[in-house]
Structures are given as C-alpha cells and as structure tokens.
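A.B. asks: So that you have it, the file is input.tsv, and it contains TSV, C-alpha atoms:
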chain	number	residue	atom	x	y	z
A	1	MET	CA	-93.62	-12.45	-74.87
A	2	GLN	CA	-92.01	-9.90	-72.64
A	3	THR	CA	-90.84	-6.48	-73.77
A	4	LYS	CA	-87.28	-5.44	-72.98
A	5	GLU	CA	-85.37	-2.18	-72.78
A	6	MET	CA	-82.41	-1.93	-75.13
A	7	ALA	CA	-79.88	0.70	-76.19
A	8	LEU	CA	-80.47	1.67	-79.82
A	9	LEU	CA	-77.81	2.00	-82.52
A	10	ALA	CA	-79.41	3.50	-85.63
A	11	HIS	CA	-77.24	3.07	-88.71
A	12	ASP	CA	-77.39	3.16	-92.52
A	13	ALA	CA	-76.60	-0.54	-92.68
A	14	LEU	CA	-78.91	-3.49	-92.16
A	15	LEU	CA	-77.94	-6.21	-89.69
A	16	LEU	CA	-79.91	-9.45	-89.36
A	17	PRO	CA	-79.54	-12.55	-87.17
A	18	GLY	CA	-76.32	-14.40	-88.01
A	19	GLY	CA	-74.94	-11.36	-89.81
A	20	ARG	CA	-71.93	-9.27	-88.87
A	21	VAL	CA	-71.12	-5.64	-89.53
A	22	GLU	CA	-68.22	-3.39	-88.62
A	23	ILE	CA	-69.07	0.19	-87.72
A	24	ARG	CA	-67.03	3.23	-86.71
A	25	VAL	CA	-67.98	4.80	-83.41
A	26	ILE	CA	-67.07	8.48	-83.23
A	27	ALA	CA	-69.64	10.25	-81.03
A	28	PRO	CA	-68.95	10.16	-77.28
A	29	ARG	CA	-72.61	9.24	-76.62
A	30	CYS	CA	-72.18	6.13	-78.80
A	31	MET	CA	-68.95	5.24	-77.00
A	32	ASN	CA	-70.79	5.50	-73.67
A	33	MET	CA	-73.65	3.38	-74.95
A	34	ILE	CA	-71.28	0.65	-76.19
A	35	ALA	CA	-69.50	0.75	-72.82
A	36	GLU	CA	-72.85	0.36	-71.02
A	37	ALA	CA	-73.75	-2.56	-73.26
A	38	LEU	CA	-70.40	-4.27	-72.67
A	39	LYS	CA	-70.90	-3.88	-68.92
A	40	GLY	CA	-74.27	-5.60	-69.28
A	41	HIS	CA	-76.45	-2.58	-68.42
A	42	TYR	CA	-78.48	-2.81	-71.63
A	43	PRO	CA	-78.66	-5.19	-74.55
A	44	LEU	CA	-77.94	-3.47	-77.89
A	45	VAL	CA	-80.39	-3.24	-80.74
A	46	PHE	CA	-79.36	-2.29	-84.30
A	47	GLY	CA	-81.90	-0.51	-86.50
A	48	MET	CA	-81.81	0.84	-90.06
A	49	SER	CA	-81.78	4.66	-89.93
A	50	LYS	CA	-84.98	6.48	-90.78
A	51	PRO	CA	-84.23	10.22	-91.00
A	52	ASN	CA	-86.41	12.73	-89.13
A	53	SER	CA	-88.42	10.14	-87.25
A	54	ASN	CA	-88.92	9.02	-83.66
A	55	PRO	CA	-87.40	6.52	-83.06
A	56	PRO	CA	-84.61	7.34	-85.60
A	57	CYS	CA	-84.93	3.92	-87.28
A	58	TYR	CA	-87.45	1.46	-88.71
A	59	GLU	CA	-89.40	-0.62	-86.19
A	60	THR	CA	-87.99	-3.89	-87.53
A	61	ALA	CA	-84.57	-4.21	-85.87
A	62	THR	CA	-82.09	-6.79	-84.56
A	63	GLN	CA	-80.70	-7.37	-81.08
A	64	CYS	CA	-76.94	-7.70	-81.43
A	65	GLU	CA	-73.74	-8.25	-79.50
A	66	VAL	CA	-70.31	-6.64	-79.75
A	67	ILE	CA	-68.03	-9.54	-80.70
A	68	ASP	CA	-64.85	-7.55	-81.33
A	69	PHE	CA	-63.51	-4.01	-81.31
A	70	ASN	CA	-60.30	-2.21	-82.17
A	71	GLN	CA	-58.91	1.28	-82.41
A	72	LEU	CA	-58.81	2.56	-85.98
A	73	ASP	CA	-56.04	4.68	-87.52
A	74	ASP	CA	-57.99	7.89	-86.93
A	75	ASN	CA	-58.54	7.07	-83.22
A	76	CYS	CA	-62.18	6.14	-83.79
A	77	LEU	CA	-63.42	2.88	-82.33
A	78	GLY	CA	-64.22	0.12	-84.80
A	79	ILE	CA	-66.70	-2.42	-83.43
A	80	ILE	CA	-67.90	-5.66	-84.97
A	81	LEU	CA	-71.51	-6.49	-84.17
A	82	GLU	CA	-73.24	-9.83	-84.66
A	83	GLY	CA	-77.00	-9.99	-85.13
A	84	LYS	CA	-78.79	-12.35	-82.74
A	85	GLN	CA	-82.54	-11.89	-82.50
A	86	ARG	CA	-85.11	-9.98	-84.50
A	87	VAL	CA	-87.13	-7.48	-82.52
A	88	LYS	CA	-89.89	-4.97	-83.11
A	89	ILE	CA	-89.32	-1.52	-81.62
A	90	LEU	CA	-92.48	-0.45	-79.79
A	91	SER	CA	-91.31	2.90	-78.40
A	92	ALA	CA	-88.11	4.89	-77.88
A	93	ALA	CA	-86.89	7.80	-75.81
A	94	GLU	CA	-83.92	10.07	-76.42
A	95	ARG	CA	-81.67	10.53	-73.40
A	96	LYS	CA	-79.99	13.81	-72.42
A	97	ASP	CA	-76.76	12.84	-74.18
A	98	GLY	CA	-78.57	12.16	-77.46
A	99	SER	CA	-78.47	8.37	-77.23
A	100	TRP	CA	-81.69	6.35	-77.50
A	101	ILE	CA	-83.24	3.69	-75.27
A	102	CYS	CA	-86.08	1.68	-76.77
A	103	ARG	CA	-88.63	-0.88	-75.66
A	104	VAL	CA	-88.71	-3.89	-77.93
A	105	LEU	CA	-90.66	-7.10	-78.40
A	106	PRO	CA	-88.79	-10.17	-79.67
A	107	SER	CA	-89.91	-11.40	-83.13
A	108	ASN	CA	-89.34	-14.79	-84.70
A	109	ASN	CA	-86.06	-15.36	-86.51
A	110	TRP	CA	-86.30	-17.20	-89.82
A	111	GLN	CA	-85.79	-20.93	-89.36
A	112	GLN	CA	-82.74	-22.61	-90.83
A	113	GLU	CA	-83.49	-24.68	-93.92
A	114	PRO	CA	-81.36	-26.36	-96.56
A	115	ILE	CA	-80.73	-24.79	-99.96
A	116	TYR	CA	-81.51	-27.05	-102.89
A	117	GLY	CA	-82.17	-27.06	-106.64
A	118	GLU	CA	-81.76	-23.84	-108.57
A	119	PHE	CA	-81.52	-21.86	-105.32
A	120	GLU	CA	-77.97	-23.18	-104.95
A	121	LEU	CA	-77.20	-20.42	-107.46
A	122	ILE	CA	-77.82	-17.71	-104.82
A	123	SER	CA	-75.44	-19.49	-102.47
A	124	ALA	CA	-72.74	-19.74	-105.14
A	125	ALA	CA	-73.26	-16.07	-106.06
A	126	LEU	CA	-72.87	-15.05	-102.40
A	127	GLN	CA	-69.62	-17.00	-102.23
A	128	GLN	CA	-68.39	-15.09	-105.31
A	129	PHE	CA	-69.51	-11.81	-103.76
A	130	TYR	CA	-67.42	-12.57	-100.66
A	131	GLU	CA	-64.39	-13.45	-102.81
A	132	VAL	CA	-64.66	-10.00	-104.42
A	133	ASN	CA	-65.23	-8.34	-101.00
A	134	PRO	CA	-62.75	-10.10	-98.70
A	135	GLU	CA	-63.21	-7.48	-95.96
A	136	LEU	CA	-66.81	-8.67	-95.55
A	137	LEU	CA	-65.82	-12.32	-95.60
A	138	GLY	CA	-63.15	-11.52	-93.00
A	139	LEU	CA	-65.86	-10.54	-90.52
A	140	TYR	CA	-67.07	-14.14	-90.44
A	141	GLU	CA	-63.75	-15.92	-89.81
A	142	ASN	CA	-64.92	-19.16	-91.48
A	143	ASP	CA	-68.33	-18.94	-89.77
A	144	VAL	CA	-70.12	-18.99	-93.14
A	145	HIS	CA	-73.29	-21.04	-93.72
A	146	LEU	CA	-73.77	-21.26	-97.48
A	147	GLU	CA	-75.87	-24.41	-97.04
A	148	ASP	CA	-78.54	-22.59	-94.98
A	149	ALA	CA	-81.21	-20.83	-97.06
A	150	SER	CA	-82.19	-18.35	-94.38
A	151	TRP	CA	-78.56	-17.42	-93.59
A	152	VAL	CA	-77.81	-16.85	-97.30
A	153	SER	CA	-81.04	-14.87	-97.85
A	154	GLN	CA	-80.35	-12.58	-94.92
A	155	ARG	CA	-76.77	-11.92	-96.03
A	156	TRP	CA	-78.13	-10.87	-99.47
A	157	LEU	CA	-80.63	-8.50	-97.85
A	158	GLU	CA	-77.77	-6.92	-95.90
A	159	VAL	CA	-75.63	-6.23	-98.98
A	160	LEU	CA	-78.07	-5.61	-101.85
A	161	PRO	CA	-78.54	-1.93	-102.74
A	162	LEU	CA	-82.33	-1.87	-102.30
A	163	TYR	CA	-84.65	0.79	-100.93
A	164	ASN	CA	-85.24	0.25	-97.22
A	165	GLN	CA	-88.99	-0.20	-97.82
A	166	ASP	CA	-88.24	-3.05	-100.26
A	167	LYS	CA	-85.88	-4.69	-97.76
A	168	LEU	CA	-88.52	-4.39	-95.04
A	169	ARG	CA	-91.20	-5.94	-97.23
A	170	LEU	CA	-88.99	-9.01	-97.66
A	171	LEU	CA	-87.87	-8.99	-94.01
A	172	ASN	CA	-91.41	-8.99	-92.69
A	173	GLN	CA	-92.20	-12.31	-94.39
A	174	PRO	CA	-92.53	-15.37	-92.10
A	175	ASN	CA	-89.60	-17.13	-93.82
A	176	CYS	CA	-86.84	-16.63	-96.40
A	177	HIS	CA	-88.71	-17.96	-99.47
A	178	LYS	CA	-89.74	-14.59	-100.97
A	179	THR	CA	-86.19	-13.28	-100.52
A	180	MET	CA	-84.73	-16.40	-102.16
A	181	ASN	CA	-87.05	-15.98	-105.17
A	182	PHE	CA	-86.25	-12.27	-105.37
A	183	VAL	CA	-82.46	-12.80	-105.29
A	184	LEU	CA	-82.65	-15.68	-107.79
A	185	GLU	CA	-84.61	-13.47	-110.22
A	186	LEU	CA	-82.02	-10.68	-109.81
A	187	ILE	CA	-79.16	-13.06	-110.58
A	188	LYS	CA	-80.96	-14.55	-113.59
A	189	SER	CA	-81.87	-11.15	-115.04
A	190	HIS	CA	-78.27	-9.98	-114.52
A	191	ALA	CA	-77.03	-13.06	-116.38
A	192	ARG	CA	-79.54	-12.43	-119.21
A	193	ASP	CA	-78.43	-8.78	-119.49
A	194	ASN	CA	-74.80	-9.87	-119.75
A	195	GLN	CA	-75.61	-12.35	-122.52
A	196	HIS	CA	-77.27	-9.65	-124.59
A	197	SER	CA	-74.58	-7.02	-124.16
I'd like the structure from this file rewritten - as structure tokens, please.
C.D. replies:
Amino acid sequence: MQTKEMALLAHDALLLPGGRVEIRVIAPRCMNMIAEALKGHYPLVFGMSKPNSNPPCYETATQCEVIDFNQLDDNCLGIILEGKQRVKILSAAERKDGSWICRVLPSNNWQQEPIYGEFELISAALQQFYEVNPELLGLYENDVHLEDASWVSQRWLEVLPLYNQDKLRLLNQPNCHKTMNFVLELIKSHARDNQHS
C-alpha cells in the first residue's frame, strides 16, 4: 500500500468512516488548509487531539471530505466533514503557519455486516440517541444505516464519553464485534441501574 501526504485536522472529536461531524474553523491557518483541500491540493485527515505530542493527534485517524460548509453567526466557518477511509499516521511536519502535513498509510475499514439478535438493541438505542440529539441526526440527512453493525458501532464510538485510549483499543480491532459487545453491555448495565433506582 502506498503512503500519501495529507493535511491534518486535529480535533477533540472522533470521526470514523461513514460518520459526519460539524466543526468550527476559526484560525486562519485552518481556513487556508480547508481551502487547499477543497482545491484538491491535499486530501484531509481528521485525528483525535493528543496534547503536547508530535503529531498533535493519535496515529489512528480518518481521511475525510468536506461535504458542506456555511458561515456561522459569529463569522466563523462551520464545515461538515464525512469520514471516508481509516489511515495510520506515520509522520507529520508542522508548516510555518502552524498547520500540519502528515504522511499516512491507508488501513482497512470495518466491513459492513447485518445487525441481528440482541445486538438490535444497540441500533434501537442509537436511533433514540439521535431523536434526543436532532442536530446530530441532521448531519446525516436520512443517510442513516441502522441495519449495518459496523456503521452503528462506529457512530457509538464517536459519541460515547470514553477515554481516548479506550476508544482506540476498540478501534484497532479488525472488526466491530468488540465494540458491539461493549456498547450492548453498557446499555444493559444502564437498564439494570435504572431498574434498581
């Protein structure tokens, strides 16, 4: 597999293939980088921030595309990114303007697979989560795949308040099965706690 150069967006959020996230772009260097990406100079890669490190994010990251943007009330730029392909960041260099360019190696995305049996619970719970958080659901504009185990698992990893190391442990598995088991256990233990309270 060939390595590629990509412009790096390090952010607190996690973005995985098939996922979408809206971020605010304030810094001029980020604006320039987005402009370069839109002109086709560099593909964009989205990594979870890792403070005080070089590169400024974890090595497991996701190549993404800008699918929409708009000017926000405070004159910042709001961009919606969609995750496409998992990558591993091999090296990164900071440019004069403070933006980062990295060299990445494509990794395998999780394969689509149907959800069945008790795992349908994690799909139903995600649907409920989106009903409570319509701004997140709005990012998908009906492009929701609640029947696909890997899509559902990755959306949970994006929204669950876990430590980054825990997310990465699940992310670095060859498929979504460990994540599905983890989320199912969380939902069951939450249900048990509610019964006892």
A.B. asks: Choose the residue, out of A:Phe182, A:Phe129, A:Tyr163, A:Trp110, that has the smallest atom-to-atom separation from Asp148 (chain A); count only C-alpha atoms.
C.D. replies: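 That would be A:Trp110, the residue with the smallest distance to Asp148 (chain A).
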A.B. asks: I'd like the neighbourhood of Leu44 (chain A) as a PyMOL selection string, where a residue qualifies if any of its atoms comes within 10 Å (using all atoms listed in the file), though same-chain residues fewer than 2 positions away should be ignored.
C.D. replies: chain A and resi 5-9+33-34+36-38+40-42+46-47+62-66+81+83+101-102
A.B. asks: Quote the spacing between CA of Glu131 (chain A) and CA of Leu146 (chain A) in Å to one decimal place.
C.D. replies: 13.3 Å
A.B. asks: When distances are computed from all atoms listed in the file, which of A:Pro161, A:Pro56, A:Gly78, A:Pro106 shows the smallest separation from Val21 (chain A)?
C.D. replies: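 Closest residue, counting all atoms listed in the file: A:Gly78.
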A.B. asks: Work out how far CA of Trp151 (chain A) is from CA of Ala35 (chain A), in Å to one decimal.
C.D. replies: 29.0 Å
A.B. asks: Using only C-alpha atoms, can you tell me which of A:Gly19, A:Pro114, A:Pro43, A:Pro55 comes closest to Leu137 (chain A)?
C.D. replies: A:Gly19
A.B. asks: For a quick check of understanding, using all atoms listed in the file, which of A:Gln128, A:Lys88, A:Trp156, A:Ser123 has the smallest distance to Thr60 (chain A)?
C.D. replies: A:Lys88
